[in-house]
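A.B. asks: Below you will find the structure I want to go over with you.
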Amino acid sequence: MIAAKTHEVMRRLERQDQEEREQGLPQAQRSRSIRPEVGQFLHLLIRLARAKRVLEIGTSNGYSSLFLAAALADTGGKLVTLERDPRKIEQARQNWAEAGLDNNITLLAGDAHESLKTLSGPFDLVFIDAEKEDYLHHLDLAYPLVRQEGLIIADNVTSHAVELQQYIEHTQSHPGLLSVTVPIGRGEQISLKLEKSPMPEQVKQALTEVRAYGASHGGMGNLLPESGHLLHILARFSAANQALEIGTSNGFSGIWLGWAMQAHSGQLVTVEKASDRVNLARKNFRQAGLADTITVEIGEAERILPKLAGPFGFVFLDASKEDQLDNLKRLLPLLDAQAVIVSDNATSHPADLASYSAFVRSYPNMESMMVPVGKGFEVTLKRSKVSSQYNRERNPKR
């Protein structure tokens with residue numbers, strides 16, 4: 001939970017950042033803070049993975065560190081952050097002390113390249129937000145420090161797309177990374193570390209053919225490719241080994257989720273009411289080498305869900321929009337204590353999902369936000385304690 005005093009410091013720093021931009025201060029004199037929604041996303045990621053060690057490259061005035069450290073205070077973890085500007089270091093330390101989080105943060109002053117050489121891993125997540133020309137070098141030095149299925153996230157990849165084109169292309173072709181660009185804030189390049197080939201050939205071929213089939217048959221309700229990437233990354237990073245999907249269609253999203261569960265020696269249960277789509281999905285799951293990992297249940301969710309045992313650590317909702325909230329309520333008893341729930345179409349069908357969004361953003365033990373990938377994901381973390389004041393104020397009822 002983000003404490004009230006931390007929340008107050010965040011608000012002050014957001015106002016300061018806005019004022020500096022309005023005054024037209026030179027970039028070197030500005031705080032250059034991340035967007036608040038990016039901070040919230042980082043906060044959510046740390047909590048959904050129960051991360052213990054996080055590395056930040058580029059502290060600035062400590063605004064982004066507050067989101068990271070507040071999440072780590074909840075998981076019992078610690079933040080290491082790197083900064084070379086003495087003025088910003090002093091500001092950051094003051095802000096952390098005021099927020100009551102200074103004991104959760106270790107700051108290494110000096111050149112990040114040299115500091116990175118002194119660190120030992122593993123880190124669950126690395127956040128890069130320093131000088132753009134240094135991103136590639138930071139990545140090379142940070143990569144060995146990240147755990148298997150850990151994340152490397154780089155800020156500003158859409159606002160500075162030309163400057164960071166080489167970084168983006170490198171992460172997308174790197175043999176040990178599965179990467180996707182998420183247009184949140186100024187753009188985040190999210191890379192999942194995988195020691196093996198990022199995508200088995202069977203899975204790659206199946207996804208290509210399933211998507212092509214969907215495109216030639218009215219879309220089949222398939223996810224956009226970038227949404228599939230993020231869905232898989234969230235499932236892998238969360239370490240869930242029992243997943244549930246409502247809305248199988250021809251199996252495109254099921255392949256992304258099934259591959260994640262296979263990597264965790266887990267299982268995916270997917271529910272679909274249309275028998276013709278079930279037959280397609282089962283064929284596609286076999287082609288992807290996931291038949292033993294995925295169980296397809298045929299019928300209406302309201303009939304199937306009461307028969308399932310659970311608990312499920314990861315849930316993907318992509319069926320009829322009008323049933324989304326009812327399905328979620330039916331699911332609540334089946335969820336793991338810290339389950340992740342992802343709902344599609346948050347931006348493509350906002351009116352249809354307004355009641356769903358209002359519910360997850362006001363439910364006492366949930367933290368939820370909209371992530372603008374593809375047709376929009378509403379990403380929700382179920383927690384055993386009340387979600388943060390920051391989350392409730394950022395996501396009021398619609």
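As shown in the structure tokens, the chain order sets the letters A, B, ...; within each chain, residues go from 1, and ligands are also counted from 1 in the order they appear.
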Any idea what's packed within 9 Å of A:Thr293, counting only C-alpha atoms, ignoring anything in its chain fewer than 5 positions away? Could you give it as an MDAnalysis selection string?
C.D. replies: chainID A and resid 258:259 261:262 265:269 285
A.B. asks: Keeping only N, CA and C atoms, write the selected residues as a tab-separated table (two decimals), in the first residue's frame.
C.D. replies:
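Saved to result.tsv:
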```tsv
chain	number	residue	atom	x	y	z
A	258	GLY	N	-0.86	-20.75	-23.16
A	258	GLY	CA	-0.43	-22.13	-22.99
A	258	GLY	C	1.07	-22.27	-23.00
A	259	TRP	N	1.74	-21.51	-23.88
A	259	TRP	CA	3.20	-21.53	-23.91
A	259	TRP	C	3.76	-21.06	-22.57
A	261	MET	N	2.27	-21.28	-19.61
A	261	MET	CA	2.01	-22.32	-18.60
A	261	MET	C	2.93	-23.52	-18.82
A	262	GLN	N	3.19	-23.88	-20.07
A	262	GLN	CA	4.09	-24.99	-20.35
A	262	GLN	C	5.48	-24.71	-19.77
A	265	SER	N	5.56	-25.59	-16.23
A	265	SER	CA	5.03	-26.94	-15.95
A	265	SER	C	3.61	-26.87	-15.39
A	266	GLY	N	2.85	-25.93	-15.91
A	266	GLY	CA	1.50	-25.70	-15.43
A	266	GLY	C	0.45	-26.06	-16.46
A	267	GLN	N	-0.77	-25.56	-16.24
A	267	GLN	CA	-1.91	-25.90	-17.09
A	267	GLN	C	-2.76	-24.66	-17.36
A	268	LEU	N	-3.36	-24.66	-18.55
A	268	LEU	CA	-4.34	-23.64	-18.92
A	268	LEU	C	-5.67	-24.32	-19.15
A	269	VAL	N	-6.72	-23.78	-18.56
A	269	VAL	CA	-8.09	-24.18	-18.86
A	269	VAL	C	-8.73	-23.04	-19.63
A	285	PHE	N	-3.87	-26.00	-30.98
A	285	PHE	CA	-3.08	-26.31	-29.78
A	285	PHE	C	-2.17	-27.51	-30.04
```
A.B. asks: Report as a ChimeraX atom specification all protein, DNA and RNA residues lying within 12 Å of A:Arg35, evaluated on only C-alpha atoms, omitting residues in the same chain fewer than 5 positions from it.
C.D. replies: /A:10-11,13-15,17-18,40-42,63-64,67,129,155-156,159,183-188
A.B. asks: Leaving out stretch 70-72 of chain A and any residue of its chain fewer than 2 positions from it, which residues lie within 10 Å of it when counting only C-alpha atoms, given as a PyMOL selection string?
C.D. replies: chain A and resi 1-3+6-7+40+42-48+50-54+65-68+74-79+99-101+104-105
A.B. asks: With distances taken over only C-alpha atoms, which of A:Lys375, A:Lys321, A:Arg286, A:Arg303 is nearest to A:Thr347?
C.D. replies: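 Using only C-alpha atoms, A:Thr347 sits closest to A:Lys375.
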A.B. asks: For stretch 123-126 of chain A, please output as a PyMOL selection string all residues within 7 Å (counting only C-alpha atoms; exclusion window: fewer than 2 positions along the same chain).
C.D. replies: chain A and resi 51-56+121+128+145-147+150-153
A.B. asks: Write to file, as an mmCIF file, in the first residue's frame, the residues of the selection just made, with N, CA and C atoms.
C.D. replies:
```cif
data_model
loop_
_atom_site.group_PDB
_atom_site.id
_atom_site.type_symbol
_atom_site.label_atom_id
_atom_site.label_comp_id
_atom_site.auth_asym_id
_atom_site.auth_seq_id
_atom_site.Cartn_x
_atom_site.Cartn_y
_atom_site.Cartn_z
ATOM 1 N N ALA A 51 8.203 -9.256 -6.631
ATOM 2 C CA ALA A 51 9.626 -8.990 -6.856
ATOM 3 C C ALA A 51 10.314 -8.543 -5.565
ATOM 4 N N LYS A 52 11.562 -8.940 -5.424
ATOM 5 C CA LYS A 52 12.343 -8.606 -4.229
ATOM 6 C C LYS A 52 13.509 -7.658 -4.516
ATOM 7 N N ARG A 53 14.059 -7.732 -5.721
ATOM 8 C CA ARG A 53 15.211 -6.899 -6.065
ATOM 9 C C ARG A 53 14.953 -6.199 -7.385
ATOM 10 N N VAL A 54 15.050 -4.882 -7.372
ATOM 11 C CA VAL A 54 14.820 -4.070 -8.566
ATOM 12 C C VAL A 54 15.984 -3.106 -8.736
ATOM 13 N N LEU A 55 16.404 -2.915 -9.970
ATOM 14 C CA LEU A 55 17.498 -2.002 -10.302
ATOM 15 C C LEU A 55 16.957 -0.903 -11.204
ATOM 16 N N GLU A 56 17.268 0.337 -10.857
ATOM 17 C CA GLU A 56 16.877 1.489 -11.662
ATOM 18 C C GLU A 56 18.127 2.192 -12.151
ATOM 19 N N GLY A 121 23.794 -10.002 -9.370
ATOM 20 C CA GLY A 121 22.367 -10.297 -9.472
ATOM 21 C C GLY A 121 21.967 -11.417 -8.527
ATOM 22 N N ILE A 128 15.317 1.199 -17.119
ATOM 23 C CA ILE A 128 16.312 2.083 -17.721
ATOM 24 C C ILE A 128 15.653 3.401 -18.101
ATOM 25 N N LEU A 145 22.642 -9.487 -15.112
ATOM 26 C CA LEU A 145 22.203 -9.298 -13.727
ATOM 27 C C LEU A 145 20.737 -9.656 -13.510
ATOM 28 N N VAL A 146 20.001 -9.872 -14.614
ATOM 29 C CA VAL A 146 18.564 -10.123 -14.532
ATOM 30 C C VAL A 146 18.306 -11.623 -14.439
ATOM 31 N N ARG A 147 17.390 -12.010 -13.581
ATOM 32 C CA ARG A 147 17.050 -13.428 -13.435
ATOM 33 C C ARG A 147 16.321 -13.954 -14.667
ATOM 34 N N GLY A 150 12.966 -12.559 -15.780
ATOM 35 C CA GLY A 150 12.902 -11.207 -15.245
ATOM 36 C C GLY A 150 12.679 -10.211 -16.370
ATOM 37 N N LEU A 151 12.431 -8.952 -16.011
ATOM 38 C CA LEU A 151 12.109 -7.932 -17.004
ATOM 39 C C LEU A 151 13.172 -6.848 -17.084
ATOM 40 N N ILE A 152 13.381 -6.349 -18.305
ATOM 41 C CA ILE A 152 14.152 -5.135 -18.548
ATOM 42 C C ILE A 152 13.194 -4.168 -19.242
ATOM 43 N N ILE A 153 12.978 -3.003 -18.642
ATOM 44 C CA ILE A 153 12.018 -2.032 -19.172
ATOM 45 C C ILE A 153 12.751 -0.722 -19.448
#
```
A.B. asks: From a backbone DSSP assignment, name each residue in stretch 43-269 of chain A labelled alpha helix (DSSP H), as a ChimeraX atom specification.
C.D. replies: /A:43-48,63-75,86-99,112-118,135-142,165-173,201-216,225-238,252-263
A.B. asks: Could you name the residues that touch A:Arg236 at 8 Å or less, counting only C-alpha atoms, but leaving out those on the same chain fewer than 6 positions away, as a PyMOL selection string?
C.D. replies: chain A and resi 149+260-261+263-264
A.B. asks: Selected residues, C-alpha atoms, written as an mmCIF file, in the first residue's frame, please.
C.D. replies:
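Wrote part24.cif, looks like this:
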```cif
data_model
loop_
_atom_site.group_PDB
_atom_site.id
_atom_site.type_symbol
_atom_site.label_atom_id
_atom_site.label_comp_id
_atom_site.auth_asym_id
_atom_site.auth_seq_id
_atom_site.Cartn_x
_atom_site.Cartn_y
_atom_site.Cartn_z
ATOM 1 C CA GLU A 149 12.005 -14.594 -16.700
ATOM 2 C CA ALA A 260 3.593 -19.529 -20.670
ATOM 3 C CA MET A 261 2.014 -22.316 -18.603
ATOM 4 C CA ALA A 263 7.243 -23.083 -19.349
ATOM 5 C CA HIS A 264 6.063 -23.262 -15.709
#
```
A.B. asks: Would you please work out which residue, of A:Ala130, A:Leu381, A:Ala212, A:Val296, is nearest to A:Arg32 when using only C-alpha atoms?
C.D. replies: A:Ala130
A.B. asks: One decimal, in Å: what's the spacing between atom CA of A:Tyr167 and atom CA of A:His137?
C.D. replies: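 Between atom CA of A:Tyr167 and atom CA of A:His137 the gap works out to 9.5 Å.
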A.B. asks: Give me, please, the distance in Å between atom CA of A:Ala339 and atom CA of A:Phe314, quoted to one decimal.
C.D. replies: 5.6 Å
